[in-house]
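**Q** Sharing a structure, written as structure tokens. Questions coming.
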Amino acid sequence: MSAEGVSAEAVLDAIDGGVVVLDPGGRVVRWNRWMEVASGLPQDQALGRTLQEVFPHADLRRLPAAVSEAIASNVSAIITHSLNPNLLPLRTRSGRPLFHDIAITPVGRPPQHGCLVFITDVTMSTKRERFLRNRQNARYDAVVARAPDAILTVDESGVIQFANPAALSQFGFPQSELLGRAAADLFESRECWRTMWLEA
């Protein structure tokens with residue numbers, strides 16, 4: 001097939017990622033096949049509507065602001081899943097929530113330009129990162145649990161939030177009594193605790 005025989009629509013539909021083109025008013029003028037599958041909405045239900053109208057129940061405060069800024073300033077923006085976990089209500093082919101990053105790029109010449117919203121599926125990488133983080137946390141928890149020294153975690157007010165088994169044994173309190181107690185209670189004098197707390 002010659003290059004002339006391939007339509008722009010076919011190219012956009014072949015892209016492994018969401019492609020949404022918005023006009024200068026922020027209304028959808030293109031919605032590729034990937035978006036149809038991930039959103040469950042065919043293109044004809046998205047055309048001519050804003051993203052807030054397409055996803056009326058989603059919390060899209062960050063996305064419309066980024067789109068408006070991109071159109072007004074002609075500068076691209078990126079919204080990451082790690083900082084904005086609840087973006088568009090998209091689903092994987094198996095029906096599970098689809099974690100995604102969004103890149104917003106102005107298209108056309110100002111002042112009459114719109115923007116391209118490109119959605120990247122980061123579901124697998126996010127799950128892998130969570131798995132590795134959970135495994136690392138499990139190792140840390142195991143080390144803390146087996147440590148012979150008392151280990152306490154306190155909040156900004158000096159109230160105990162966590163105590164390892166050695167701390168429970170050394171201070172002679174059951175966990176139900178130690179958690180939620182002021183750490184200052186464990187010291188011979190509150191001045192000793194205050195000095196240490198200020199240094200920390």
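Ordering of the structure tokens sets the chain letters (A, B, ...); residue numbers start at 1 within each chain; ligands are numbered from 1 in the order shown.
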Residues within 10 Å of Ser68 of chain A, please, as an NGL selection string. Count only C-alpha atoms; anything in the same chain fewer than 4 positions from it doesn't count.
**A** :A and (24-26 or 63-64 or 72-74 or 104 or 106 or 114-115)
**Q** Can I get the selected residues back with all heavy atoms, as a tab-separated table (two decimals), in the first residue's frame?
**A**
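See result-v1.tsv below for the written result:
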chain	number	residue	atom	x	y	z
A	24	PRO	N	-9.63	24.99	19.84
A	24	PRO	CA	-9.26	26.10	20.75
A	24	PRO	C	-10.23	26.29	21.91
A	24	PRO	O	-9.85	26.84	22.95
A	24	PRO	CB	-9.27	27.32	19.82
A	24	PRO	CG	-8.95	26.76	18.47
A	24	PRO	CD	-9.63	25.42	18.43
A	25	GLY	N	-11.46	25.80	21.77
A	25	GLY	CA	-12.42	25.90	22.86
A	25	GLY	C	-12.37	24.72	23.81
A	25	GLY	O	-13.18	24.63	24.74
A	26	GLY	N	-11.43	23.80	23.59
A	26	GLY	CA	-11.28	22.64	24.46
A	26	GLY	C	-12.27	21.53	24.16
A	26	GLY	O	-12.47	20.63	24.97
A	63	LEU	N	-6.65	18.52	34.77
A	63	LEU	CA	-6.54	18.36	33.32
A	63	LEU	C	-7.06	19.57	32.54
A	63	LEU	O	-6.34	20.10	31.69
A	63	LEU	CB	-7.23	17.08	32.88
A	63	LEU	CG	-7.15	16.74	31.39
A	63	LEU	CD1	-5.71	16.71	30.92
A	63	LEU	CD2	-7.82	15.40	31.12
A	64	PRO	N	-8.29	20.06	32.78
A	64	PRO	CA	-8.74	21.24	32.04
A	64	PRO	C	-7.84	22.46	32.24
A	64	PRO	O	-7.63	23.23	31.31
A	64	PRO	CB	-10.15	21.51	32.59
A	64	PRO	CG	-10.60	20.19	33.12
A	64	PRO	CD	-9.37	19.54	33.64
A	72	ALA	N	-3.27	28.55	25.86
A	72	ALA	CA	-2.98	29.97	26.06
A	72	ALA	C	-1.51	30.30	25.91
A	72	ALA	O	-1.14	31.34	25.35
A	72	ALA	CB	-3.48	30.42	27.43
A	73	SER	N	-0.63	29.42	26.40
A	73	SER	CA	0.81	29.73	26.43
A	73	SER	C	1.61	29.07	25.32
A	73	SER	O	2.78	29.38	25.14
A	73	SER	CB	1.39	29.29	27.78
A	73	SER	OG	1.34	27.88	27.90
A	74	ASN	N	0.99	28.13	24.60
A	74	ASN	CA	1.68	27.38	23.54
A	74	ASN	C	2.87	26.60	24.09
A	74	ASN	O	3.89	26.44	23.43
A	74	ASN	CB	2.14	28.32	22.42
A	74	ASN	CG	2.36	27.57	21.11
A	74	ASN	OD1	1.73	26.56	20.84
A	74	ASN	ND2	3.28	28.07	20.30
A	104	ILE	N	0.18	16.95	27.17
A	104	ILE	CA	-0.67	17.93	26.50
A	104	ILE	C	0.23	18.82	25.66
A	104	ILE	O	1.13	19.48	26.18
A	104	ILE	CB	-1.45	18.76	27.53
A	104	ILE	CG1	-2.29	17.83	28.40
A	104	ILE	CG2	-2.32	19.81	26.85
A	104	ILE	CD1	-2.63	18.39	29.74
A	106	PRO	N	0.32	21.76	22.50
A	106	PRO	CA	-0.41	22.66	21.61
A	106	PRO	C	-0.18	22.27	20.15
A	106	PRO	O	0.92	21.84	19.79
A	106	PRO	CB	0.18	24.04	21.90
A	106	PRO	CG	0.89	23.90	23.20
A	106	PRO	CD	1.32	22.47	23.29
A	114	GLY	N	-5.41	24.45	18.90
A	114	GLY	CA	-5.97	23.58	19.91
A	114	GLY	C	-4.84	22.83	20.57
A	114	GLY	O	-3.73	23.34	20.67
A	115	CYS	N	-5.11	21.61	20.98
A	115	CYS	CA	-4.02	20.83	21.56
A	115	CYS	C	-4.27	19.34	21.39
A	115	CYS	O	-5.39	18.88	21.19
A	115	CYS	CB	-3.80	21.19	23.03
A	115	CYS	SG	-5.10	20.68	24.12
**Q** Just want the 12 Å neighbourhood of Asp23 of chain A, counted on only C-alpha atoms, with same-chain residues fewer than 6 positions away dropped. Output as a list in words.
**A**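 Answer for this query is Val29, Arg30, Leu47, Gly48, Arg49, Thr50, Leu51, Val67, Ser68, Ala70, Ile71, Pro106, Val107, Gly108, Arg109, Pro110, Pro111, Gln112, His113, Gly114, Cys115, Leu116 and Val117 of chain A.
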**Q** Could you write out that same residue set with C-alpha atoms as a short mmCIF file (atom, residue, chain, number, x, y, z; two decimals), in the first residue's frame?
**A**
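What landed in selection37.cif:
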data_model
loop_
_atom_site.label_atom_id
_atom_site.label_comp_id
_atom_site.auth_asym_id
_atom_site.auth_seq_id
_atom_site.Cartn_x
_atom_site.Cartn_y
_atom_site.Cartn_z
CA VAL A 29 -12.39 16.95 17.40
CA ARG A 30 -10.58 13.57 17.31
CA LEU A 47 -16.95 14.76 19.42
CA GLY A 48 -17.88 18.36 20.14
CA ARG A 49 -17.78 17.93 23.91
CA THR A 50 -15.25 19.04 26.52
CA LEU A 51 -13.44 16.37 28.53
CA VAL A 67 -5.25 22.15 28.62
CA SER A 68 -6.17 25.83 29.02
CA ALA A 70 -1.19 24.80 26.93
CA ILE A 71 -3.59 26.53 24.53
CA PRO A 106 -0.41 22.66 21.61
CA VAL A 107 -1.08 22.16 17.88
CA GLY A 108 -1.58 24.74 15.15
CA ARG A 109 -0.58 28.36 15.19
CA PRO A 110 -1.68 30.78 17.90
CA PRO A 111 -4.08 32.29 18.60
CA GLN A 112 -6.29 29.75 16.80
CA HIS A 113 -4.69 26.53 17.96
CA GLY A 114 -5.97 23.58 19.91
CA CYS A 115 -4.02 20.83 21.56
CA LEU A 116 -3.17 17.17 21.42
CA VAL A 117 -3.83 15.14 24.56
#
**Q** Using only C-alpha atoms, determine which residues lie at most 10 Å from Ala150 of chain A, disregarding the query and same-chain residues fewer than 2 positions distant; provide the list as a ChimeraX atom specification.
**A** /A:144-145,147-148,152,163-171
**Q** Atoms to include: N, CA, C and O atoms. Write the selected residues as a compact mmCIF listing (two decimals), in the first residue's frame.
**A**
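Once everything was written out, this is selection.txt:
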# COMPACT_ATOMS: atom_id res chain seq x y z
N VAL A 144 13.19 -4.61 61.19
CA VAL A 144 12.74 -3.87 62.38
C VAL A 144 12.13 -4.82 63.40
O VAL A 144 12.37 -4.70 64.60
N ALA A 145 11.35 -5.78 62.91
CA ALA A 145 10.68 -6.72 63.83
C ALA A 145 11.69 -7.58 64.58
O ALA A 145 11.48 -7.93 65.74
N ALA A 147 14.91 -6.70 65.18
CA ALA A 147 15.98 -5.90 65.79
C ALA A 147 15.97 -6.07 67.31
O ALA A 147 14.91 -6.06 67.94
N PRO A 148 17.15 -6.22 67.92
CA PRO A 148 17.22 -6.37 69.38
C PRO A 148 17.00 -5.03 70.11
O PRO A 148 16.72 -5.02 71.30
N LEU A 152 10.97 2.95 67.88
CA LEU A 152 9.66 3.61 67.97
C LEU A 152 9.54 4.60 66.81
O LEU A 152 10.52 5.20 66.38
N ALA A 163 5.69 0.62 67.42
CA ALA A 163 6.71 0.09 68.33
C ALA A 163 7.04 -1.33 67.90
O ALA A 163 6.13 -2.13 67.67
N ASN A 164 8.33 -1.64 67.78
CA ASN A 164 8.70 -3.01 67.40
C ASN A 164 8.63 -3.92 68.64
O ASN A 164 8.48 -3.45 69.78
N PRO A 165 8.70 -5.23 68.44
CA PRO A 165 8.60 -6.16 69.57
C PRO A 165 9.62 -5.89 70.68
O PRO A 165 9.30 -6.03 71.86
N ALA A 166 10.84 -5.48 70.32
CA ALA A 166 11.86 -5.20 71.34
C ALA A 166 11.42 -4.02 72.22
O ALA A 166 11.65 -4.02 73.43
N ALA A 167 10.78 -3.02 71.62
CA ALA A 167 10.31 -1.87 72.40
C ALA A 167 9.21 -2.29 73.36
O ALA A 167 9.20 -1.87 74.53
N LEU A 168 8.31 -3.14 72.90
CA LEU A 168 7.23 -3.61 73.78
C LEU A 168 7.82 -4.36 74.97
O LEU A 168 7.39 -4.18 76.11
N SER A 169 8.83 -5.18 74.69
CA SER A 169 9.45 -5.97 75.74
C SER A 169 10.23 -5.09 76.72
O SER A 169 10.11 -5.22 77.94
N GLN A 170 11.04 -4.16 76.18
CA GLN A 170 11.90 -3.34 77.04
C GLN A 170 11.13 -2.32 77.88
O GLN A 170 11.49 -2.04 79.01
N PHE A 171 10.05 -1.78 77.31
CA PHE A 171 9.28 -0.79 78.07
C PHE A 171 8.18 -1.42 78.91
O PHE A 171 7.58 -0.76 79.75
**Q** Give me, as a compact mmCIF listing (two decimals) with C-alpha atoms, in the first residue's frame, all polymer residues having an atom no more than 8 Å from Thr80 of chain A, counting only C-alpha atoms and skipping those fewer than 2 positions away in the same chain.
**A**
# COMPACT_ATOMS: atom_id res chain seq x y z
CA ILE A 78 2.76 16.53 31.44
CA SER A 82 2.36 9.29 40.36
CA LEU A 83 1.31 12.85 41.29
CA ASN A 84 -2.27 12.66 39.99
CA PRO A 85 -3.51 9.09 40.54
CA HIS A 100 -1.89 6.56 32.84
CA ASP A 101 0.22 9.65 32.23
CA ILE A 102 -1.03 12.50 30.05
**Q** Identify all residues of chain A in alpha helix (DSSP H) (DSSP on the backbone) and supply them as a ChimeraX atom specification.
**A** /A:8-14,33-39,43-46,51-54,62-73,123-146,165-171,175-178,190-199
**Q** Output the selection as an mmCIF file, in the first residue's frame - C-alpha atoms for each residue.
**A**
data_model
loop_
_atom_site.group_PDB
_atom_site.id
_atom_site.type_symbol
_atom_site.label_atom_id
_atom_site.label_comp_id
_atom_site.auth_asym_id
_atom_site.auth_seq_id
_atom_site.Cartn_x
_atom_site.Cartn_y
_atom_site.Cartn_z
ATOM 1 C CA ALA A 8 -4.480 10.152 9.013
ATOM 2 C CA GLU A 9 -7.384 8.551 10.878
ATOM 3 C CA ALA A 10 -5.963 5.057 10.278
ATOM 4 C CA VAL A 11 -2.574 6.204 11.578
ATOM 5 C CA LEU A 12 -4.079 7.665 14.759
ATOM 6 C CA ASP A 13 -6.115 4.513 15.322
ATOM 7 C CA ALA A 14 -2.958 2.393 15.026
ATOM 8 C CA ARG A 33 -9.642 3.821 18.647
ATOM 9 C CA TRP A 34 -7.457 3.335 21.747
ATOM 10 C CA MET A 35 -9.560 5.957 23.553
ATOM 11 C CA GLU A 36 -12.761 4.234 22.467
ATOM 12 C CA VAL A 37 -11.596 0.967 24.009
ATOM 13 C CA ALA A 38 -10.145 2.490 27.204
ATOM 14 C CA SER A 39 -13.087 4.811 27.879
ATOM 15 C CA GLN A 43 -15.792 8.751 18.988
ATOM 16 C CA ASP A 44 -19.242 10.087 18.023
ATOM 17 C CA GLN A 45 -20.168 10.369 21.719
ATOM 18 C CA ALA A 46 -17.049 12.435 22.444
ATOM 19 C CA LEU A 51 -13.437 16.373 28.533
ATOM 20 C CA GLN A 52 -15.476 17.396 31.584
ATOM 21 C CA GLU A 53 -18.650 16.740 29.586
ATOM 22 C CA VAL A 54 -17.308 13.416 28.315
ATOM 23 C CA ARG A 62 -5.973 19.437 36.935
ATOM 24 C CA LEU A 63 -6.536 18.361 33.321
ATOM 25 C CA PRO A 64 -8.742 21.238 32.038
ATOM 26 C CA ALA A 65 -6.395 23.733 33.699
ATOM 27 C CA ALA A 66 -3.401 22.143 31.959
ATOM 28 C CA VAL A 67 -5.246 22.153 28.620
ATOM 29 C CA SER A 68 -6.171 25.832 29.020
ATOM 30 C CA GLU A 69 -2.574 26.708 29.939
ATOM 31 C CA ALA A 70 -1.195 24.797 26.932
ATOM 32 C CA ILE A 71 -3.592 26.529 24.534
ATOM 33 C CA ALA A 72 -2.984 29.972 26.057
ATOM 34 C CA SER A 73 0.809 29.731 26.431
ATOM 35 C CA THR A 123 -0.346 0.221 34.388
ATOM 36 C CA MET A 124 2.373 -2.445 34.195
ATOM 37 C CA SER A 125 5.226 -0.176 35.238
ATOM 38 C CA THR A 126 3.150 1.197 38.131
ATOM 39 C CA LYS A 127 2.328 -2.315 39.318
ATOM 40 C CA ARG A 128 5.996 -3.324 39.034
ATOM 41 C CA GLU A 129 7.067 -0.284 41.072
ATOM 42 C CA ARG A 130 4.456 -1.069 43.723
ATOM 43 C CA PHE A 131 5.575 -4.699 43.859
ATOM 44 C CA LEU A 132 9.220 -3.685 44.326
ATOM 45 C CA ARG A 133 8.302 -1.053 46.921
ATOM 46 C CA ASN A 134 6.143 -3.550 48.835
ATOM 47 C CA ARG A 135 8.955 -6.109 48.745
ATOM 48 C CA GLN A 136 11.430 -3.521 50.033
ATOM 49 C CA ASN A 137 8.976 -2.491 52.758
ATOM 50 C CA ALA A 138 8.524 -6.141 53.743
ATOM 51 C CA ARG A 139 12.296 -6.526 54.114
ATOM 52 C CA TYR A 140 12.476 -3.362 56.206
ATOM 53 C CA ASP A 141 9.578 -4.552 58.385
ATOM 54 C CA ALA A 142 11.307 -7.902 58.910
ATOM 55 C CA VAL A 143 14.567 -6.204 59.969
ATOM 56 C CA VAL A 144 12.744 -3.871 62.375
ATOM 57 C CA ALA A 145 10.681 -6.716 63.831
ATOM 58 C CA ARG A 146 13.829 -8.784 64.549
ATOM 59 C CA PRO A 165 8.603 -6.162 69.572
ATOM 60 C CA ALA A 166 11.861 -5.201 71.344
ATOM 61 C CA ALA A 167 10.309 -1.872 72.400
ATOM 62 C CA LEU A 168 7.233 -3.610 73.777
ATOM 63 C CA SER A 169 9.453 -5.975 75.742
ATOM 64 C CA GLN A 170 11.903 -3.338 77.035
ATOM 65 C CA PHE A 171 9.276 -0.786 78.067
ATOM 66 C CA GLN A 175 1.036 -2.637 72.131
ATOM 67 C CA SER A 176 -2.467 -1.326 72.890
ATOM 68 C CA GLU A 177 -1.039 0.825 75.712
ATOM 69 C CA LEU A 178 2.164 1.940 74.023
ATOM 70 C CA ARG A 190 10.405 15.345 80.231
ATOM 71 C CA GLU A 191 13.410 17.663 79.891
ATOM 72 C CA CYS A 192 15.485 14.730 78.631
ATOM 73 C CA TRP A 193 12.826 13.992 76.008
ATOM 74 C CA ARG A 194 12.470 17.682 75.078
ATOM 75 C CA THR A 195 16.213 18.013 74.500
ATOM 76 C CA MET A 196 16.352 14.914 72.323
ATOM 77 C CA TRP A 197 13.216 15.954 70.415
ATOM 78 C CA LEU A 198 14.612 19.400 69.657
ATOM 79 C CA GLU A 199 17.871 17.884 68.416
#
**Q** Give the strand (DSSP E or B) residues of segment 149-181 of chain A, as DSSP finds them on the backbone, and put them as JSON, numbers by chain.
**A** {"A": [152, 153, 154, 159, 160, 161, 162, 163]}
